[in-house]
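Presented below is the structure to which this report refers.
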Amino acid sequence: VSTQSTGSTVYLEEKAVSMLQEEKVNHGQENEDKEKNKQIAEYLRMAFLASSLFFCFLVYGILQERIMTVPFGETKERFGNSAFLVLSNRVVAVCVALFLMWRSSETIRPVVPLQHYLYISLSNTFSSLCQYEALKYVSFPTQTLGKCGKIIPVMIIGTFVSGKKYGWLDYLYAFFISVGCGIFYTSGSVSAPHKKHGAPAGSGMLSDEWYGLCLIFLYLFIDGFTSVFQERLFKKANMSTNNQMLFVNGWSALISTLVLIWENQLFECISFSVRHPDFFLFSNLLSASASLGQISILYTIKEFGALVFSIIMTTRQLFNILLSCLFFLHHLSMGQWLGTIIVFTVLYLEAKKPKRSSHPPSAVPNTNTPPKETV
C-alpha cells in the first residue's frame, strides 16, 4: 500500500510539473502571439501614415505644378498670383487648427505676444511665395531637387545665427548635395515648360532660368530662418503645435491679403476662380492636401520619430520628380538623373545617420518642434 501511495504521489507530482510546463509554453506562445500582433499593428499604422504623407504631398506637388504651369479654359488663361494660393492654403490651415483645438479642448488664445508669431509667419509666407514663383521660370523637378538642398542654408544659419557646430560628415553631405544639384543644373534644361516652348530664340531664356534658381535659393535661406524662429518660440513658452499653427497661419493669411490688396489683385483672383471652376477646385484641393499633410507629419514624428519621417519624406520627393516627369512630360538628361541620384543617396545617408543635439531643428525634428513642409 505504501509503495502504491508513493507511486501515486510521484505520478501526481510529475503530472503537476508537466501541466505547469505546458502552461508556461502556452503562456509564452500567447505572449509571442501578442507581440507579433502588436508589431503587425505598428507596421500597419506606419504604412497608413506613410501612405497619408505620400498621398497628401504627391497630390500637393501635382496640383501645384498644374496650377502654376498649365493654362485654364478655352482661352488658355494662366494663373500667376502666388499670394492668392498662399492665402487659400493659410485659410484652410486656420480652419483645421481651430477644429483640432476645439477637439482637444484647447483655449483659443495666444500664449505669447502676437508679434512673436509674426516672425515665423513672415519667413514662412515669403518662402512659400518664392517656391510658387519659381515654377514660373524653372521646371518642377528643378524646384523639388533645389528644395532638397535645405541642409546647406540651415547649416549656414545655424552656424552664424544660433552658434551651432557641425561635424565633418555634415559638411561632406552638404558638399555632395551641392555637387549633385550642380550636375543637375548644368547638364540639361531647367526652365519651365511654357518658357521652353513659348520663348523665341534670344529672348532671355537663360536669365529666366537664373531668376528661377535665385528664387529657389532665396526660398531655402528664408525657410531656414523659419526653423530658427520656431525653436526660439517653443523655448519661450509651453506652446502646442495647434496653437502655433493657428496664429502663424492667421498672420500669414493677413499678410497674403495685404499683398493682394497692394497689388490690386484680390478681386481679380476671385474673378479668375469664378471664371474657371476647375481652378477653384484645384486650389482648394491643394490647400486641403497641404493641411492634411501637416497633420500626417505631426503624427508620424510622434509615433515613429525623426528617422522614419525623414526617410518617408525623402522618398516622397523622389516620387514627386518621377510623377512630374510622367504627367507633365519633363525630359531629364542622363546627367540630370545622375545628379538626382547623388542628391537622394546623400539624403538617405543623412536621414539614417545618428542624430545629435547640435544639429539644426529642421534636420532633427522632434515632437515639440516638428519640421514642416513649406506650403
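Letters for chains follow the order of the C-alpha cells (A, B, ...), residue numbers begin at 1 for each chain, and ligand numbers begin at 1 in the order shown.
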Note to self: Need to verify the contact set: Phe140 of chain A, 8 Å, only C-alpha atoms, exclusion of same-chain residues closer than 6 positions in sequence. Can you return it as a PyMOL selection string?
What the structure shows: chain A and resi 65+192+321+324
Writing out the chosen residues with all heavy atoms as an mmCIF file, in the first residue's frame:
data_model
loop_
_atom_site.group_PDB
_atom_site.id
_atom_site.type_symbol
_atom_site.label_atom_id
_atom_site.label_comp_id
_atom_site.auth_asym_id
_atom_site.auth_seq_id
_atom_site.Cartn_x
_atom_site.Cartn_y
_atom_site.Cartn_z
ATOM 1 N N GLU A 65 2.044 72.160 -59.552
ATOM 2 C CA GLU A 65 2.570 72.313 -60.903
ATOM 3 C C GLU A 65 1.447 72.560 -61.904
ATOM 4 O O GLU A 65 1.591 73.384 -62.817
ATOM 5 C CB GLU A 65 3.374 71.074 -61.300
ATOM 6 C CG GLU A 65 4.037 71.193 -62.661
ATOM 7 C CD GLU A 65 5.011 70.080 -62.954
ATOM 8 O OE1 GLU A 65 5.042 69.085 -62.190
ATOM 9 O OE2 GLU A 65 5.744 70.182 -63.965
ATOM 10 N N ALA A 192 11.083 76.241 -67.108
ATOM 11 C CA ALA A 192 9.696 75.795 -67.077
ATOM 12 C C ALA A 192 9.234 75.456 -68.491
ATOM 13 O O ALA A 192 9.694 76.075 -69.466
ATOM 14 C CB ALA A 192 8.809 76.884 -66.484
ATOM 15 N N ILE A 321 9.286 63.916 -58.264
ATOM 16 C CA ILE A 321 10.015 64.169 -59.508
ATOM 17 C C ILE A 321 9.609 63.174 -60.584
ATOM 18 O O ILE A 321 9.366 63.546 -61.744
ATOM 19 C CB ILE A 321 11.538 64.108 -59.246
ATOM 20 C CG1 ILE A 321 11.975 65.287 -58.373
ATOM 21 C CG2 ILE A 321 12.307 64.107 -60.565
ATOM 22 C CD1 ILE A 321 13.445 65.274 -58.016
ATOM 23 N N SER A 324 6.089 63.959 -61.812
ATOM 24 C CA SER A 324 6.096 65.181 -62.615
ATOM 25 C C SER A 324 6.592 64.902 -64.027
ATOM 26 O O SER A 324 6.030 65.392 -65.007
ATOM 27 C CB SER A 324 6.973 66.239 -61.945
ATOM 28 O OG SER A 324 7.031 67.413 -62.716
#
Check: So, counting only C-alpha atoms, which residue among A:Ser18, A:Ser88, A:Asn243, A:Ser178 is closest to Cys148 of chain A?
Finding: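 Looking at the shortest contact to Cys148 of chain A, the residue is A:Ser178.
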Notebook entry, point to check: Between A:Lys302, A:Phe48, A:Tyr348, A:Ala83, which has the minimum distance to Trp262 of chain A (counting only C-alpha atoms)?
Noted result: A:Ala83
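Of the residues listed (A:Leu285, A:Ile216, A:Leu135, A:Leu172), A:Ile216 shows the shortest atom-to-atom separation from Lys150 of chain A; distances use only C-alpha atoms.
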Notebook entry, point to check: Any idea what's packed within 8 Å of Leu286 of chain A, counting only C-alpha atoms, ignoring anything in its chain fewer than 6 positions away? Could you give it as a PyMOL selection string?
Noted result: chain A and resi 59-60+63-64+89
Notebook entry, point to check: Interatomic distance between atom CA of Val138 of chain A and atom CA of Val190 of chain A?
Noted result: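 Computing the Euclidean distance for atom CA of Val138 of chain A and atom CA of Val190 of chain A yields 5.5 Å.
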Next item on the list: From a DSSP calculation on the backbone, collect every residue of segment 57-301 of chain A in alpha helix (DSSP H) and output the set as an MDAnalysis selection string.
Entry: chainID A and resid 57:69 82:103 114:134 140:147 151:160 168:186 193:198 205:236 241:262 266:275 277:301
Check: Can you tell me, as a PyMOL selection string, what residues are no more than 12 Å from Phe55 of chain A when counting only C-alpha atoms, ignoring any on the same chain fewer than 4 positions away?
Finding: chain A and resi 47-51+59-63+286+288-290+292-293+296+312-313+316-317+319-320
Please produce a file of the residues just selected, as a PDB file, in the first residue's frame, where the atoms kept are C-alpha atoms.
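As written to disk, again.pdb reads:
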ATOM      1  CA  ALA A  47       2.084  52.074 -43.542  1.00  0.00           C
ATOM      2  CA  PHE A  48      -1.067  54.151 -43.087  1.00  0.00           C
ATOM      3  CA  LEU A  49       0.844  57.272 -42.020  1.00  0.00           C
ATOM      4  CA  ALA A  50       3.425  56.802 -44.794  1.00  0.00           C
ATOM      5  CA  SER A  51       0.606  56.396 -47.322  1.00  0.00           C
ATOM      6  CA  VAL A  59      -1.229  65.374 -54.733  1.00  0.00           C
ATOM      7  CA  TYR A  60       0.073  68.714 -53.460  1.00  0.00           C
ATOM      8  CA  GLY A  61       3.058  68.611 -55.831  1.00  0.00           C
ATOM      9  CA  ILE A  62       0.993  67.642 -58.886  1.00  0.00           C
ATOM     10  CA  LEU A  63      -1.652  70.304 -58.171  1.00  0.00           C
ATOM     11  CA  LEU A 286      -4.123  71.985 -52.906  1.00  0.00           C
ATOM     12  CA  ALA A 288      -6.636  70.569 -48.161  1.00  0.00           C
ATOM     13  CA  SER A 289      -3.755  68.257 -49.119  1.00  0.00           C
ATOM     14  CA  ALA A 290      -1.248  70.676 -47.572  1.00  0.00           C
ATOM     15  CA  LEU A 292      -3.726  67.091 -44.082  1.00  0.00           C
ATOM     16  CA  GLY A 293      -0.048  66.582 -44.903  1.00  0.00           C
ATOM     17  CA  SER A 296       0.312  63.466 -41.008  1.00  0.00           C
ATOM     18  CA  ILE A 312       9.414  58.788 -45.949  1.00  0.00           C
ATOM     19  CA  MET A 313       9.713  62.432 -46.988  1.00  0.00           C
ATOM     20  CA  ARG A 316       8.208  61.201 -51.420  1.00  0.00           C
ATOM     21  CA  GLN A 317      10.348  63.923 -53.012  1.00  0.00           C
ATOM     22  CA  PHE A 319       8.401  60.147 -56.376  1.00  0.00           C
ATOM     23  CA  ASN A 320       7.299  63.763 -56.879  1.00  0.00           C
TER      24      ASN A 320
END
Show me a table, sorted first by chain and then by increasing residue number, of the residues of segment 44-112 of chain A having an atom at most 6 Å from segment 247-253 of chain A, each with its shortest atom pair and the distance in Å to one decimal, counting only C-alpha atoms and written as CSV.
residue,atom,partner,partner_atom,distance
A:Leu87,CA,A:Ala253,CA,5.0
A:Arg90,CA,A:Asn249,CA,5.2
A:Val94,CA,A:Asn249,CA,6.0
